[in-house]
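Student: Right, I'll just put the structure down here and ask away after.
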Amino acid sequence: MVVSFIIIGRNEEKNLERCINSIHRSVTLSNINNYEIIYVDADSTDKSIEVAGRFPEVKIFRVTGGRNAAVGRNIGARESSGGVLCFVDGDMELYPEFVAGVWDAERQDLNVDF
């Protein structure tokens, strides 16, 4: 099972590295074997794209038209290959213990429905 972490954001230069690092920590603690990180940028005017680009595994998409959270999430979902989608705002941090609590490392699947 692939887990797609879909980050949406606009002008998250100061937060994005922390957000992505929290995903990496969560994946490690939870023993998630297959995952992808997608960043959907809502036409940032800062260096958000550059920050995301420092992580070669992050797939980056840029929204230049109508911008809102739903558009960003829908683009991320459409571009994802995961059976599990985890939506994260660029100014958020995942708590690795939370992810580990909902992930069954043995089955490589969620252990709860949501």
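Naming works like this for the structure tokens: A, B, ... for the chains as they're shown, residue 1 at the start of each chain, ligands 1 onward in shown order.
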Go through region 5-112 of chain A and collect every residue that DSSP, computed from the backbone, puts in alpha helix (DSSP H); the answer should be as a PDB file with all heavy atoms, in the first residue's frame.
Tutor:
ATOM      1  N   LEU A  16       7.826  24.937   5.587  1.00  0.00           N
ATOM      2  CA  LEU A  16       7.757  23.746   4.742  1.00  0.00           C
ATOM      3  C   LEU A  16       8.811  22.696   5.074  1.00  0.00           C
ATOM      4  O   LEU A  16       8.507  21.501   5.107  1.00  0.00           O
ATOM      5  CB  LEU A  16       7.852  24.161   3.272  1.00  0.00           C
ATOM      6  CG  LEU A  16       7.360  23.165   2.251  1.00  0.00           C
ATOM      7  CD1 LEU A  16       5.969  22.646   2.572  1.00  0.00           C
ATOM      8  CD2 LEU A  16       7.367  23.812   0.874  1.00  0.00           C
ATOM      9  N   GLU A  17      10.016  23.091   5.369  1.00  0.00           N
ATOM     10  CA  GLU A  17      11.062  22.126   5.706  1.00  0.00           C
ATOM     11  C   GLU A  17      10.675  21.348   6.970  1.00  0.00           C
ATOM     12  O   GLU A  17      10.825  20.125   7.030  1.00  0.00           O
ATOM     13  CB  GLU A  17      12.401  22.831   5.901  1.00  0.00           C
ATOM     14  CG  GLU A  17      13.532  21.869   6.175  1.00  0.00           C
ATOM     15  CD  GLU A  17      14.889  22.552   6.200  1.00  0.00           C
ATOM     16  OE1 GLU A  17      15.005  23.743   5.853  1.00  0.00           O
ATOM     17  OE2 GLU A  17      15.845  21.865   6.590  1.00  0.00           O
ATOM     18  N   ARG A  18      10.167  22.045   7.945  1.00  0.00           N
ATOM     19  CA  ARG A  18       9.726  21.398   9.185  1.00  0.00           C
ATOM     20  C   ARG A  18       8.598  20.409   8.900  1.00  0.00           C
ATOM     21  O   ARG A  18       8.560  19.294   9.439  1.00  0.00           O
ATOM     22  CB  ARG A  18       9.280  22.468  10.183  1.00  0.00           C
ATOM     23  CG  ARG A  18       8.883  21.957  11.535  1.00  0.00           C
ATOM     24  CD  ARG A  18       8.620  23.081  12.531  1.00  0.00           C
ATOM     25  NE  ARG A  18       8.015  24.286  11.995  1.00  0.00           N
ATOM     26  CZ  ARG A  18       6.694  24.474  11.851  1.00  0.00           C
ATOM     27  NH1 ARG A  18       5.849  23.560  12.242  1.00  0.00           N
ATOM     28  NH2 ARG A  18       6.230  25.601  11.350  1.00  0.00           N
ATOM     29  N   CYS A  19       7.677  20.795   8.029  1.00  0.00           N
ATOM     30  CA  CYS A  19       6.557  19.937   7.659  1.00  0.00           C
ATOM     31  C   CYS A  19       7.062  18.660   6.985  1.00  0.00           C
ATOM     32  O   CYS A  19       6.681  17.547   7.371  1.00  0.00           O
ATOM     33  CB  CYS A  19       5.620  20.706   6.719  1.00  0.00           C
ATOM     34  SG  CYS A  19       4.221  19.751   6.123  1.00  0.00           S
ATOM     35  N   ILE A  20       7.931  18.809   5.999  1.00  0.00           N
ATOM     36  CA  ILE A  20       8.453  17.647   5.267  1.00  0.00           C
ATOM     37  C   ILE A  20       9.273  16.752   6.197  1.00  0.00           C
ATOM     38  O   ILE A  20       9.162  15.527   6.155  1.00  0.00           O
ATOM     39  CB  ILE A  20       9.255  18.098   4.039  1.00  0.00           C
ATOM     40  CG1 ILE A  20       8.315  18.776   3.031  1.00  0.00           C
ATOM     41  CG2 ILE A  20       9.986  16.921   3.391  1.00  0.00           C
ATOM     42  CD1 ILE A  20       9.010  19.501   1.895  1.00  0.00           C
ATOM     43  N   ASN A  21      10.083  17.355   7.036  1.00  0.00           N
ATOM     44  CA  ASN A  21      10.872  16.556   7.988  1.00  0.00           C
ATOM     45  C   ASN A  21       9.971  15.773   8.939  1.00  0.00           C
ATOM     46  O   ASN A  21      10.291  14.652   9.327  1.00  0.00           O
ATOM     47  CB  ASN A  21      11.848  17.440   8.764  1.00  0.00           C
ATOM     48  CG  ASN A  21      13.042  17.833   7.919  1.00  0.00           C
ATOM     49  OD1 ASN A  21      13.444  17.121   7.001  1.00  0.00           O
ATOM     50  ND2 ASN A  21      13.618  18.976   8.223  1.00  0.00           N
ATOM     51  N   SER A  22       8.828  16.348   9.308  1.00  0.00           N
ATOM     52  CA  SER A  22       7.908  15.623  10.198  1.00  0.00           C
ATOM     53  C   SER A  22       7.312  14.410   9.482  1.00  0.00           C
ATOM     54  O   SER A  22       7.054  13.380  10.112  1.00  0.00           O
ATOM     55  CB  SER A  22       6.806  16.547  10.728  1.00  0.00           C
ATOM     56  OG  SER A  22       5.800  16.789   9.772  1.00  0.00           O
ATOM     57  N   ILE A  23       7.122  14.521   8.181  1.00  0.00           N
ATOM     58  CA  ILE A  23       6.647  13.371   7.402  1.00  0.00           C
ATOM     59  C   ILE A  23       7.727  12.287   7.394  1.00  0.00           C
ATOM     60  O   ILE A  23       7.443  11.108   7.617  1.00  0.00           O
ATOM     61  CB  ILE A  23       6.254  13.795   5.971  1.00  0.00           C
ATOM     62  CG1 ILE A  23       5.008  14.680   6.015  1.00  0.00           C
ATOM     63  CG2 ILE A  23       6.029  12.563   5.082  1.00  0.00           C
ATOM     64  CD1 ILE A  23       4.661  15.358   4.700  1.00  0.00           C
ATOM     65  N   HIS A  24       8.967  12.688   7.161  1.00  0.00           N
ATOM     66  CA  HIS A  24      10.063  11.713   7.171  1.00  0.00           C
ATOM     67  C   HIS A  24      10.165  11.002   8.527  1.00  0.00           C
ATOM     68  O   HIS A  24      10.339   9.775   8.576  1.00  0.00           O
ATOM     69  CB  HIS A  24      11.395  12.388   6.832  1.00  0.00           C
ATOM     70  CG  HIS A  24      11.518  12.747   5.396  1.00  0.00           C
ATOM     71  ND1 HIS A  24      12.093  13.915   4.964  1.00  0.00           N
ATOM     72  CD2 HIS A  24      11.141  12.092   4.272  1.00  0.00           C
ATOM     73  CE1 HIS A  24      12.057  13.959   3.656  1.00  0.00           C
ATOM     74  NE2 HIS A  24      11.475  12.867   3.209  1.00  0.00           N
ATOM     75  N   ARG A  25      10.055  11.759   9.611  1.00  0.00           N
ATOM     76  CA  ARG A  25      10.113  11.143  10.942  1.00  0.00           C
ATOM     77  C   ARG A  25       8.943  10.179  11.146  1.00  0.00           C
ATOM     78  O   ARG A  25       9.104   9.093  11.707  1.00  0.00           O
ATOM     79  CB  ARG A  25      10.113  12.216  12.033  1.00  0.00           C
ATOM     80  CG  ARG A  25      11.437  12.950  12.172  1.00  0.00           C
ATOM     81  CD  ARG A  25      11.486  13.821  13.418  1.00  0.00           C
ATOM     82  NE  ARG A  25      10.415  14.793  13.501  1.00  0.00           N
ATOM     83  CZ  ARG A  25      10.425  16.000  12.919  1.00  0.00           C
ATOM     84  NH1 ARG A  25      11.457  16.392  12.203  1.00  0.00           N
ATOM     85  NH2 ARG A  25       9.391  16.819  13.065  1.00  0.00           N
ATOM     86  N   SER A  26       7.763  10.566  10.665  1.00  0.00           N
ATOM     87  CA  SER A  26       6.571   9.723  10.806  1.00  0.00           C
ATOM     88  C   SER A  26       6.708   8.426  10.022  1.00  0.00           C
ATOM     89  O   SER A  26       6.368   7.346  10.522  1.00  0.00           O
ATOM     90  CB  SER A  26       5.335  10.484  10.325  1.00  0.00           C
ATOM     91  OG  SER A  26       5.107  11.611  11.133  1.00  0.00           O
ATOM     92  N   VAL A  27       7.224   8.516   8.811  1.00  0.00           N
ATOM     93  CA  VAL A  27       7.419   7.337   7.967  1.00  0.00           C
ATOM     94  C   VAL A  27       8.415   6.382   8.621  1.00  0.00           C
ATOM     95  O   VAL A  27       8.204   5.165   8.654  1.00  0.00           O
ATOM     96  CB  VAL A  27       7.899   7.781   6.563  1.00  0.00           C
ATOM     97  CG1 VAL A  27       8.473   6.625   5.773  1.00  0.00           C
ATOM     98  CG2 VAL A  27       6.764   8.441   5.799  1.00  0.00           C
ATOM     99  N   THR A  28       9.491   6.939   9.157  1.00  0.00           N
ATOM    100  CA  THR A  28      10.518   6.115   9.804  1.00  0.00           C
ATOM    101  C   THR A  28       9.972   5.413  11.033  1.00  0.00           C
ATOM    102  O   THR A  28      10.111   4.194  11.186  1.00  0.00           O
ATOM    103  CB  THR A  28      11.739   6.981  10.174  1.00  0.00           C
ATOM    104  OG1 THR A  28      12.271   7.553   8.977  1.00  0.00           O
ATOM    105  CG2 THR A  28      12.808   6.167  10.868  1.00  0.00           C
ATOM    106  N   LEU A  29       9.327   6.163  11.925  1.00  0.00           N
ATOM    107  CA  LEU A  29       8.804   5.578  13.157  1.00  0.00           C
ATOM    108  C   LEU A  29       7.719   4.542  12.872  1.00  0.00           C
ATOM    109  O   LEU A  29       7.621   3.525  13.558  1.00  0.00           O
ATOM    110  CB  LEU A  29       8.262   6.663  14.085  1.00  0.00           C
ATOM    111  CG  LEU A  29       7.738   6.178  15.437  1.00  0.00           C
ATOM    112  CD1 LEU A  29       8.879   5.607  16.285  1.00  0.00           C
ATOM    113  CD2 LEU A  29       7.049   7.302  16.182  1.00  0.00           C
ATOM    114  N   SER A  30       6.924   4.780  11.848  1.00  0.00           N
ATOM    115  CA  SER A  30       5.796   3.901  11.533  1.00  0.00           C
ATOM    116  C   SER A  30       6.179   2.726  10.642  1.00  0.00           C
ATOM    117  O   SER A  30       5.349   1.869  10.372  1.00  0.00           O
ATOM    118  CB  SER A  30       4.696   4.701  10.825  1.00  0.00           C
ATOM    119  OG  SER A  30       4.298   5.781  11.615  1.00  0.00           O
ATOM    120  N   SER A  48       9.003  29.028  -1.325  1.00  0.00           N
ATOM    121  CA  SER A  48       8.406  27.736  -0.968  1.00  0.00           C
ATOM    122  C   SER A  48       8.787  26.634  -1.956  1.00  0.00           C
ATOM    123  O   SER A  48       9.137  25.523  -1.556  1.00  0.00           O
ATOM    124  CB  SER A  48       6.883  27.839  -0.905  1.00  0.00           C
ATOM    125  OG  SER A  48       6.471  28.693   0.132  1.00  0.00           O
ATOM    126  N   ILE A  49       8.720  26.942  -3.242  1.00  0.00           N
ATOM    127  CA  ILE A  49       9.057  25.953  -4.277  1.00  0.00           C
ATOM    128  C   ILE A  49      10.512  25.515  -4.127  1.00  0.00           C
ATOM    129  O   ILE A  49      10.828  24.321  -4.240  1.00  0.00           O
ATOM    130  CB  ILE A  49       8.812  26.531  -5.686  1.00  0.00           C
ATOM    131  CG1 ILE A  49       7.326  26.842  -5.894  1.00  0.00           C
ATOM    132  CG2 ILE A  49       9.338  25.594  -6.765  1.00  0.00           C
ATOM    133  CD1 ILE A  49       6.458  25.673  -6.216  1.00  0.00           C
ATOM    134  N   GLU A  50      11.402  26.462  -3.859  1.00  0.00           N
ATOM    135  CA  GLU A  50      12.817  26.126  -3.675  1.00  0.00           C
ATOM    136  C   GLU A  50      13.021  25.236  -2.459  1.00  0.00           C
ATOM    137  O   GLU A  50      13.821  24.297  -2.491  1.00  0.00           O
ATOM    138  CB  GLU A  50      13.652  27.394  -3.529  1.00  0.00           C
ATOM    139  CG  GLU A  50      13.774  28.200  -4.801  1.00  0.00           C
ATOM    140  CD  GLU A  50      14.533  29.496  -4.578  1.00  0.00           C
ATOM    141  OE1 GLU A  50      15.472  29.526  -3.765  1.00  0.00           O
ATOM    142  OE2 GLU A  50      14.152  30.495  -5.231  1.00  0.00           O
ATOM    143  N   VAL A  51      12.321  25.526  -1.378  1.00  0.00           N
ATOM    144  CA  VAL A  51      12.429  24.707  -0.168  1.00  0.00           C
ATOM    145  C   VAL A  51      11.968  23.284  -0.479  1.00  0.00           C
ATOM    146  O   VAL A  51      12.661  22.314  -0.147  1.00  0.00           O
ATOM    147  CB  VAL A  51      11.623  25.313   1.002  1.00  0.00           C
ATOM    148  CG1 VAL A  51      11.570  24.354   2.179  1.00  0.00           C
ATOM    149  CG2 VAL A  51      12.216  26.648   1.421  1.00  0.00           C
ATOM    150  N   ALA A  52      10.827  23.134  -1.116  1.00  0.00           N
ATOM    151  CA  ALA A  52      10.324  21.802  -1.464  1.00  0.00           C
ATOM    152  C   ALA A  52      11.296  21.092  -2.401  1.00  0.00           C
ATOM    153  O   ALA A  52      11.509  19.883  -2.297  1.00  0.00           O
ATOM    154  CB  ALA A  52       8.943  21.905  -2.094  1.00  0.00           C
ATOM    155  N   GLY A  53      11.913  21.847  -3.296  1.00  0.00           N
ATOM    156  CA  GLY A  53      12.854  21.282  -4.252  1.00  0.00           C
ATOM    157  C   GLY A  53      14.135  20.764  -3.626  1.00  0.00           C
ATOM    158  O   GLY A  53      14.874  20.001  -4.260  1.00  0.00           O
ATOM    159  N   ALA A  69      -7.905  25.709  -0.817  1.00  0.00           N
ATOM    160  CA  ALA A  69      -7.444  24.440  -0.265  1.00  0.00           C
ATOM    161  C   ALA A  69      -8.018  23.251  -1.029  1.00  0.00           C
ATOM    162  O   ALA A  69      -7.308  22.277  -1.285  1.00  0.00           O
ATOM    163  CB  ALA A  69      -7.808  24.361   1.216  1.00  0.00           C
ATOM    164  N   ALA A  70      -9.286  23.334  -1.407  1.00  0.00           N
ATOM    165  CA  ALA A  70      -9.919  22.216  -2.111  1.00  0.00           C
ATOM    166  C   ALA A  70      -9.243  21.961  -3.455  1.00  0.00           C
ATOM    167  O   ALA A  70      -9.007  20.805  -3.820  1.00  0.00           O
ATOM    168  CB  ALA A  70     -11.406  22.489  -2.300  1.00  0.00           C
ATOM    169  N   VAL A  71      -8.919  23.008  -4.185  1.00  0.00           N
ATOM    170  CA  VAL A  71      -8.236  22.851  -5.477  1.00  0.00           C
ATOM    171  C   VAL A  71      -6.893  22.159  -5.265  1.00  0.00           C
ATOM    172  O   VAL A  71      -6.553  21.203  -5.967  1.00  0.00           O
ATOM    173  CB  VAL A  71      -8.055  24.216  -6.178  1.00  0.00           C
ATOM    174  CG1 VAL A  71      -7.112  24.108  -7.370  1.00  0.00           C
ATOM    175  CG2 VAL A  71      -9.407  24.778  -6.618  1.00  0.00           C
ATOM    176  N   GLY A  72      -6.123  22.627  -4.290  1.00  0.00           N
ATOM    177  CA  GLY A  72      -4.820  22.028  -4.011  1.00  0.00           C
ATOM    178  C   GLY A  72      -4.931  20.571  -3.623  1.00  0.00           C
ATOM    179  O   GLY A  72      -4.168  19.720  -4.096  1.00  0.00           O
ATOM    180  N   ARG A  73      -5.868  20.256  -2.758  1.00  0.00           N
ATOM    181  CA  ARG A  73      -6.040  18.865  -2.328  1.00  0.00           C
ATOM    182  C   ARG A  73      -6.493  17.982  -3.480  1.00  0.00           C
ATOM    183  O   ARG A  73      -6.038  16.840  -3.620  1.00  0.00           O
ATOM    184  CB  ARG A  73      -7.029  18.793  -1.166  1.00  0.00           C
ATOM    185  CG  ARG A  73      -6.451  19.356   0.114  1.00  0.00           C
ATOM    186  CD  ARG A  73      -7.379  19.157   1.306  1.00  0.00           C
ATOM    187  NE  ARG A  73      -6.785  19.777   2.478  1.00  0.00           N
ATOM    188  CZ  ARG A  73      -7.203  20.901   3.021  1.00  0.00           C
ATOM    189  NH1 ARG A  73      -8.269  21.529   2.531  1.00  0.00           N
ATOM    190  NH2 ARG A  73      -6.589  21.407   4.075  1.00  0.00           N
ATOM    191  N   ASN A  74      -7.389  18.493  -4.309  1.00  0.00           N
ATOM    192  CA  ASN A  74      -7.858  17.712  -5.454  1.00  0.00           C
ATOM    193  C   ASN A  74      -6.733  17.444  -6.447  1.00  0.00           C
ATOM    194  O   ASN A  74      -6.636  16.340  -6.992  1.00  0.00           O
ATOM    195  CB  ASN A  74      -9.032  18.402  -6.140  1.00  0.00           C
ATOM    196  CG  ASN A  74     -10.315  18.272  -5.347  1.00  0.00           C
ATOM    197  OD1 ASN A  74     -10.505  17.307  -4.622  1.00  0.00           O
ATOM    198  ND2 ASN A  74     -11.196  19.247  -5.477  1.00  0.00           N
ATOM    199  N   ILE A  75      -5.895  18.424  -6.690  1.00  0.00           N
ATOM    200  CA  ILE A  75      -4.749  18.215  -7.585  1.00  0.00           C
ATOM    201  C   ILE A  75      -3.820  17.163  -6.989  1.00  0.00           C
ATOM    202  O   ILE A  75      -3.373  16.246  -7.679  1.00  0.00           O
ATOM    203  CB  ILE A  75      -3.996  19.536  -7.841  1.00  0.00           C
ATOM    204  CG1 ILE A  75      -4.851  20.448  -8.731  1.00  0.00           C
ATOM    205  CG2 ILE A  75      -2.627  19.282  -8.481  1.00  0.00           C
ATOM    206  CD1 ILE A  75      -4.331  21.861  -8.858  1.00  0.00           C
ATOM    207  N   GLY A  76      -3.527  17.294  -5.698  1.00  0.00           N
ATOM    208  CA  GLY A  76      -2.671  16.308  -5.038  1.00  0.00           C
ATOM    209  C   GLY A  76      -3.247  14.908  -5.115  1.00  0.00           C
ATOM    210  O   GLY A  76      -2.525  13.941  -5.386  1.00  0.00           O
ATOM    211  N   ALA A  77      -4.536  14.781  -4.880  1.00  0.00           N
ATOM    212  CA  ALA A  77      -5.180  13.462  -4.941  1.00  0.00           C
ATOM    213  C   ALA A  77      -5.121  12.895  -6.350  1.00  0.00           C
ATOM    214  O   ALA A  77      -4.834  11.706  -6.546  1.00  0.00           O
ATOM    215  CB  ALA A  77      -6.628  13.561  -4.458  1.00  0.00           C
ATOM    216  N   ARG A  78      -5.374  13.730  -7.336  1.00  0.00           N
ATOM    217  CA  ARG A  78      -5.350  13.283  -8.733  1.00  0.00           C
ATOM    218  C   ARG A  78      -3.955  12.814  -9.150  1.00  0.00           C
ATOM    219  O   ARG A  78      -3.800  11.851  -9.882  1.00  0.00           O
ATOM    220  CB  ARG A  78      -5.836  14.405  -9.656  1.00  0.00           C
ATOM    221  CG  ARG A  78      -5.953  13.957 -11.114  1.00  0.00           C
ATOM    222  CD  ARG A  78      -6.421  15.048 -12.042  1.00  0.00           C
ATOM    223  NE  ARG A  78      -5.410  16.076 -12.113  1.00  0.00           N
ATOM    224  CZ  ARG A  78      -5.622  17.373 -11.942  1.00  0.00           C
ATOM    225  NH1 ARG A  78      -6.826  17.828 -11.675  1.00  0.00           N
ATOM    226  NH2 ARG A  78      -4.633  18.243 -12.029  1.00  0.00           N
ATOM    227  N   GLU A  79      -2.928  13.498  -8.666  1.00  0.00           N
ATOM    228  CA  GLU A  79      -1.550  13.189  -9.056  1.00  0.00           C
ATOM    229  C   GLU A  79      -0.925  12.092  -8.200  1.00  0.00           C
ATOM    230  O   GLU A  79       0.170  11.627  -8.485  1.00  0.00           O
ATOM    231  CB  GLU A  79      -0.684  14.452  -8.978  1.00  0.00           C
ATOM    232  CG  GLU A  79      -1.113  15.551  -9.927  1.00  0.00           C
ATOM    233  CD  GLU A  79      -0.994  15.160 -11.401  1.00  0.00           C
ATOM    234  OE1 GLU A  79      -0.141  14.323 -11.745  1.00  0.00           O
ATOM    235  OE2 GLU A  79      -1.777  15.690 -12.219  1.00  0.00           O
ATOM    236  N   PRO A  96       4.838  12.010  14.748  1.00  0.00           N
ATOM    237  CA  PRO A  96       5.151  10.635  14.346  1.00  0.00           C
ATOM    238  C   PRO A  96       4.415   9.588  15.170  1.00  0.00           C
ATOM    239  O   PRO A  96       4.017   8.547  14.635  1.00  0.00           O
ATOM    240  CB  PRO A  96       6.667  10.545  14.555  1.00  0.00           C
ATOM    241  CG  PRO A  96       7.150  11.951  14.435  1.00  0.00           C
ATOM    242  CD  PRO A  96       6.042  12.795  15.004  1.00  0.00           C
ATOM    243  N   GLU A  97       4.190   9.853  16.448  1.00  0.00           N
ATOM    244  CA  GLU A  97       3.493   8.892  17.295  1.00  0.00           C
ATOM    245  C   GLU A  97       2.044   8.706  16.854  1.00  0.00           C
ATOM    246  O   GLU A  97       1.487   7.614  16.977  1.00  0.00           O
ATOM    247  CB  GLU A  97       3.527   9.344  18.763  1.00  0.00           C
ATOM    248  CG  GLU A  97       4.918   9.430  19.345  1.00  0.00           C
ATOM    249  CD  GLU A  97       5.673  10.712  18.951  1.00  0.00           C
ATOM    250  OE1 GLU A  97       5.070  11.666  18.410  1.00  0.00           O
ATOM    251  OE2 GLU A  97       6.887  10.737  19.167  1.00  0.00           O
ATOM    252  N   PHE A  98       1.434   9.768  16.344  1.00  0.00           N
ATOM    253  CA  PHE A  98       0.059   9.649  15.840  1.00  0.00           C
ATOM    254  C   PHE A  98       0.033   8.736  14.626  1.00  0.00           C
ATOM    255  O   PHE A  98      -0.780   7.816  14.543  1.00  0.00           O
ATOM    256  CB  PHE A  98      -0.522  11.017  15.479  1.00  0.00           C
ATOM    257  CG  PHE A  98      -1.817  10.899  14.709  1.00  0.00           C
ATOM    258  CD1 PHE A  98      -2.991  10.580  15.367  1.00  0.00           C
ATOM    259  CD2 PHE A  98      -1.839  11.062  13.334  1.00  0.00           C
ATOM    260  CE1 PHE A  98      -4.188  10.435  14.653  1.00  0.00           C
ATOM    261  CE2 PHE A  98      -3.023  10.914  12.624  1.00  0.00           C
ATOM    262  CZ  PHE A  98      -4.197  10.601  13.286  1.00  0.00           C
ATOM    263  N   VAL A  99       0.920   8.997  13.676  1.00  0.00           N
ATOM    264  CA  VAL A  99       0.954   8.185  12.452  1.00  0.00           C
ATOM    265  C   VAL A  99       1.221   6.724  12.814  1.00  0.00           C
ATOM    266  O   VAL A  99       0.544   5.817  12.319  1.00  0.00           O
ATOM    267  CB  VAL A  99       1.998   8.722  11.455  1.00  0.00           C
ATOM    268  CG1 VAL A  99       2.096   7.823  10.222  1.00  0.00           C
ATOM    269  CG2 VAL A  99       1.643  10.157  11.036  1.00  0.00           C
ATOM    270  N   ALA A 100       2.184   6.488  13.707  1.00  0.00           N
ATOM    271  CA  ALA A 100       2.489   5.121  14.130  1.00  0.00           C
ATOM    272  C   ALA A 100       1.283   4.468  14.796  1.00  0.00           C
ATOM    273  O   ALA A 100       1.096   3.250  14.698  1.00  0.00           O
ATOM    274  CB  ALA A 100       3.687   5.115  15.079  1.00  0.00           C
ATOM    275  N   GLY A 101       0.449   5.246  15.434  1.00  0.00           N
ATOM    276  CA  GLY A 101      -0.732   4.718  16.110  1.00  0.00           C
ATOM    277  C   GLY A 101      -1.845   4.290  15.178  1.00  0.00           C
ATOM    278  O   GLY A 101      -2.699   3.483  15.557  1.00  0.00           O
ATOM    279  N   VAL A 102      -1.859   4.812  13.968  1.00  0.00           N
ATOM    280  CA  VAL A 102      -2.919   4.454  13.013  1.00  0.00           C
ATOM    281  C   VAL A 102      -2.408   3.556  11.889  1.00  0.00           C
ATOM    282  O   VAL A 102      -3.170   3.137  11.036  1.00  0.00           O
ATOM    283  CB  VAL A 102      -3.610   5.705  12.420  1.00  0.00           C
ATOM    284  CG1 VAL A 102      -4.262   6.527  13.510  1.00  0.00           C
ATOM    285  CG2 VAL A 102      -2.652   6.537  11.592  1.00  0.00           C
TER     286      VAL A 102
END
Student: Could you write out, as a list in words, all the residues of chain A that DSSP marks as strand (DSSP E or B)?
Tutor: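 Written out, the strand (DSSP E or B) residues of chain A are Val3, Ser4, Phe5, Ile6, Ile7, Ile8, Gly9, Tyr35, Glu36, Ile37, Ile38, Tyr39, Val40, Asp41, Val58, Lys59, Ile60, Phe61, Arg62, Val84, Leu85, Cys86, Phe87, Val88, Asp89, Trp103, Asp104, Asp109 and Leu110 of chain A.
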Student: Could you save those same residues with C-alpha atoms as a tab-separated table (two decimals), in the first residue's frame?
Tutor:
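Generated output (out14.tsv):
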chain	number	residue	atom	x	y	z
A	3	VAL	CA	0.76	6.30	1.39
A	4	SER	CA	0.56	9.69	-0.31
A	5	PHE	CA	1.36	12.67	1.88
A	6	ILE	CA	-0.18	15.65	0.09
A	7	ILE	CA	1.01	19.03	1.32
A	8	ILE	CA	-0.77	22.19	0.22
A	9	GLY	CA	0.57	25.65	0.83
A	35	TYR	CA	5.18	6.47	0.36
A	36	GLU	CA	5.30	9.61	-1.69
A	37	ILE	CA	5.28	13.28	-0.82
A	38	ILE	CA	3.45	15.72	-3.05
A	39	TYR	CA	3.61	19.48	-2.58
A	40	VAL	CA	0.91	21.57	-4.27
A	41	ASP	CA	1.89	25.22	-4.21
A	58	VAL	CA	8.97	15.59	-3.31
A	59	LYS	CA	6.79	15.93	-6.40
A	60	ILE	CA	5.93	19.61	-6.88
A	61	PHE	CA	2.86	21.03	-8.59
A	62	ARG	CA	1.99	24.71	-8.89
A	84	VAL	CA	-4.01	6.06	1.53
A	85	LEU	CA	-4.04	9.86	1.25
A	86	CYS	CA	-2.82	12.03	4.11
A	87	PHE	CA	-3.53	15.73	3.59
A	88	VAL	CA	-1.22	18.15	5.38
A	89	ASP	CA	-1.11	21.94	5.29
A	103	TRP	CA	-0.51	2.45	10.83
A	104	ASP	CA	-0.06	-1.30	10.97
A	109	ASP	CA	-2.03	-0.56	5.91
A	110	LEU	CA	-4.14	1.56	8.23
Student: State, in Å with one decimal place, the distance from CA of Met92 (chain A) to CA of Arg10 (chain A).
Tutor: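 Value for the CA of Met92 (chain A)-CA of Arg10 (chain A) distance: 12.6 Å.
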Student: Have a look at CA of Lys14 (chain A) and CA of Ile32 (chain A) and let me know their distance in Å, one decimal.
Tutor: 26.7 Å
Student: Taking only C-alpha atoms into account, name the residue in A:Thr64, A:Asn33, A:Arg107, A:Asn11 that is nearest to Asp46 (chain A).
Tutor: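 Nearest to Asp46 (chain A): A:Asn11.
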Student: So, counting only C-alpha atoms, which residue among A:Asn31, A:Glu106, A:Glu13, A:Val2 is closest to Ser80 (chain A)?
Tutor: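 Answer, going by the shortest atom-to-atom distance: A:Val2.
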Student: Please, what distance in Å, to one decimal, runs between CA of Asn15 (chain A) and CA of Asp91 (chain A)?
Tutor: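 According to the coordinates, CA of Asn15 (chain A) and CA of Asp91 (chain A) are separated by 5.2 Å.
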